[in-house]
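One structure is given here, and the rest of the page talks about it.
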Amino acid sequence: MYGAILGDMIGSPFEFDRGSKTKDFPLLSEESHYTDDSVMTIAIAMGIFEAGLEAGEQEMKAAMVKYMRLLGNRYAAGEYGTRFSAWLAAADPKPYGSYGNGAAMRVSSIGWLFPSLERTREVARWSAEVTHNHPEGVKGAEAVASIIFLARTGLCETKEQIKDFVVEEFGYDLSRTCDEIRPSYHHVESCQETVPEAITAFLEGVDFEDVVRTAVSLGGDTDTVGAIAGSMAEAFYGIPMPLLRKCKERIPEEWKTVLTTFVTTWMVGTV
């Protein structure tokens, strides 16, 4: 989860193609801040903890919706898309067929908390379906959560194995390099045009920081692409302690409690 939040923060100053498409930029500046991507990442984790790891579909979805709405109306005001803002305000919110990348940027806790790939994909699918129930939205969520699971468990020992899994299982085209993507890439918010790019940045990066710098250097929706790439990089590389400290300095106290619960739950092997 820290990887997603850091990727979000690091990419935030450059969203809407405001960067120069280079990996040489201040990693965390005064302009770096968490956005709706981090808010929803925390909300999904809170929903899982309230419902319980063994919860069924309806209970899990209800808890996720509860915390997405609670935190979404508390943090990052004005940063949500039009349809998601309407969903946050609705008396009886329903999924609205979105294939936006919001489905993929919020799933990092799911990739860590569940004991099997099958269960990981199931809960990732549920987390998407409460809003982004278009097949591309669901696919994006499942793909990112699956990569995190495979990386953190070591079921795929190499990135090449992860790449092969993603191509075979989800059908994403990962044939282009970041150098090939970068020149014409622009701000877009669909899963199908951001998840493959984030995965490619993850595959090319040599450590956590390099993955996020590579993702942000592509341009476009940099906070979300950074969050997705950072969530995968954390599972494969871990995060340097200085970056973890800087992350904690920039988030609300309420979130620190959630993150402590998340780390404790995973480390004590209760999943």
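Just remember, in the structure tokens the first chain shown is A, the second B, etc., residues are 1-based per chain, and ligands are 1-based in the order shown.
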
Could you give me, as CSV, a per-residue list for range 116-169 of chain A showing, wherever an atom lies at most 9 Å from an atom of range 63-79 of chain A, the closest pair of atoms and their distance in Å to one decimal, using only C-alpha atoms and sorting by chain then residue number from low to high?
residue,atom,partner,partner_atom,distance
A:Ser127,CA,A:Met64,CA,7.1
A:Val130,CA,A:Val65,CA,6.9
A:Thr131,CA,A:Val65,CA,8.9

Export, as a tab-separated table (two decimals), in the first residue's frame, the selected residues with C-alpha atoms.
chain	number	residue	atom	x	y	z
A	127	SER	CA	-13.55	-4.07	-5.48
A	130	VAL	CA	-18.93	-1.59	-6.93
A	131	THR	CA	-18.22	1.23	-9.41

Show which residues sit within 10 Å of Leu27 in chain A, as a JSON list (two decimals) with C-alpha atoms, in the first residue's frame. Count only C-alpha atoms, and ignore same-chain residues fewer than 4 positions away.
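Printed below is part_18.json as written:
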[["chain", "number", "residue", "atom", "x", "y", "z"],
["A", 6, "LEU", "CA", 4.19, 7.02, -2.81],
["A", 7, "GLY", "CA", 3.65, 6.52, -6.54],
["A", 9, "MET", "CA", 2.46, 11.45, -4.42],
["A", 10, "ILE", "CA", 5.49, 11.36, -6.68],
["A", 11, "GLY", "CA", 3.36, 11.58, -9.82],
["A", 23, "LYS", "CA", 13.09, 10.51, -15.22],
["A", 32, "SER", "CA", 3.91, 16.35, -4.06],
["A", 209, "GLU", "CA", 12.41, 4.44, -7.19],
["A", 212, "VAL", "CA", 8.10, 5.09, -10.24],
["A", 213, "ARG", "CA", 10.39, 7.52, -12.07],
["A", 243, "LEU", "CA", 10.93, 6.95, 1.42]]

Problem - Residues near Ser184 in chain A, cut-off 10 Å, only C-alpha atoms, skip fewer than 5 positions along chain, as a VMD selection string - result: chain A and resid 218 to 220

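Shortest atom-to-atom contact with Pro183 in chain A among A:Ser217, A:Phe49, A:Gly100, A:Ala91: A:Ser217, counting only C-alpha atoms.
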
Exercise for the section: From a DSSP pass on the backbone, collect the residues of range 7-179 of chain A flagged as helix (DSSP H, G or I) and hand them back as a PyMOL selection string. Expected result: chain A and resi 7-14+36-51+57-72+82-89+102-105+108-113+117-129+135-153+159-170+178-179

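Neighbours of Arg176 in chain A closer than or equal to 10 Å, with only C-alpha atoms counted and sequence neighbours fewer than 6 positions away skipped, come out as A:Pro196, A:Glu197, A:Thr200.
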
Problem - Test item: residues at most 6 Å from range 226-231 of chain A, only C-alpha atoms, excluding those fewer than 2 positions along its chain, as a list in words - result: Gly3, Ala4, Gly7, Asp8, Gly11, Met105, Ser108, Ala198, Phe202, Val212, Ala215, Val216, Thr222, Asp223, Thr224, Ala233 and Glu234 of chain A

Exercise for the section: Pick out the closest residue to Ile148 in chain A from this set: A:Val206, A:Glu168, A:Glu129, A:Phe114. Count only C-alpha atoms. Expected result: A:Phe114

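In terms of minimum interatomic distance to Arg152 in chain A, A:Phe236 ranks closest within A:Ser190, A:His132, A:Pro252, A:Phe236, counting only C-alpha atoms.
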
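Of the listed residues A:Val195, A:Leu88, A:Ala235, A:Leu28, the one whose atoms come nearest to Val144 in chain A is A:Val195, with distances taken using only C-alpha atoms.
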
If we count only C-alpha atoms and set the cut-off at 10 Å, which residues sit around Ile48 in chain A, ignoring sequence neighbours fewer than 4 positions away in its own chain? Please answer as a PDB file with C-alpha atoms, in the first residue's frame.
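Result file is part-v5.pdb:
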ATOM      1  CA  ALA A  43     -10.718   2.969   1.791  1.00  0.00           C
ATOM      2  CA  ILE A  44     -10.535  -0.466   0.176  1.00  0.00           C
ATOM      3  CA  GLY A  52     -13.103  -9.674   7.472  1.00  0.00           C
ATOM      4  CA  LEU A  53     -10.838 -11.630   5.194  1.00  0.00           C
ATOM      5  CA  GLU A  54     -13.316 -14.499   4.836  1.00  0.00           C
ATOM      6  CA  ALA A  55     -16.302 -12.296   3.991  1.00  0.00           C
ATOM      7  CA  GLU A  59     -20.614  -8.192   2.833  1.00  0.00           C
ATOM      8  CA  MET A  60     -17.245  -7.293   1.340  1.00  0.00           C
ATOM      9  CA  LYS A  61     -18.720  -4.996  -1.269  1.00  0.00           C
ATOM     10  CA  ALA A  62     -20.926  -3.238   1.281  1.00  0.00           C
ATOM     11  CA  ALA A  63     -17.942  -2.537   3.528  1.00  0.00           C
ATOM     12  CA  MET A  64     -15.847  -1.274   0.623  1.00  0.00           C
ATOM     13  CA  TYR A  67     -15.439   3.378   3.386  1.00  0.00           C
ATOM     14  CA  SER A 109      -3.980  -4.159  -0.240  1.00  0.00           C
ATOM     15  CA  ILE A 110      -5.841  -6.995  -1.945  1.00  0.00           C
ATOM     16  CA  LEU A 113      -3.871  -9.792   2.169  1.00  0.00           C
ATOM     17  CA  VAL A 123     -11.792  -9.792  -4.118  1.00  0.00           C
ATOM     18  CA  SER A 127     -13.554  -4.066  -5.478  1.00  0.00           C
TER      19      SER A 127
END

Exercise for the section: State, in Å with one decimal place, the distance from CA of Val225 in chain A to CA of Tyr185 in chain A. Expected result: 11.9 Å

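If only C-alpha atoms are the atoms counted, then among A:Ala90, A:Gly56, A:Glu160, A:Asn101 the closest residue to His187 in chain A is A:Asn101.
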
Problem - Neighbour list for Glu204 in chain A as an MDAnalysis selection string, cut-off 8 Å, only C-alpha atoms, skip fewer than 5 positions in-chain - result: chainID A and resid 178 211 214

Fill in the blank from the handout: Min atom-atom distance to Ile251 in chain A from the set A:Glu118, A:Glu15, A:Thr35, A:Asp24, counting only C-alpha atoms, belongs to A:Thr35
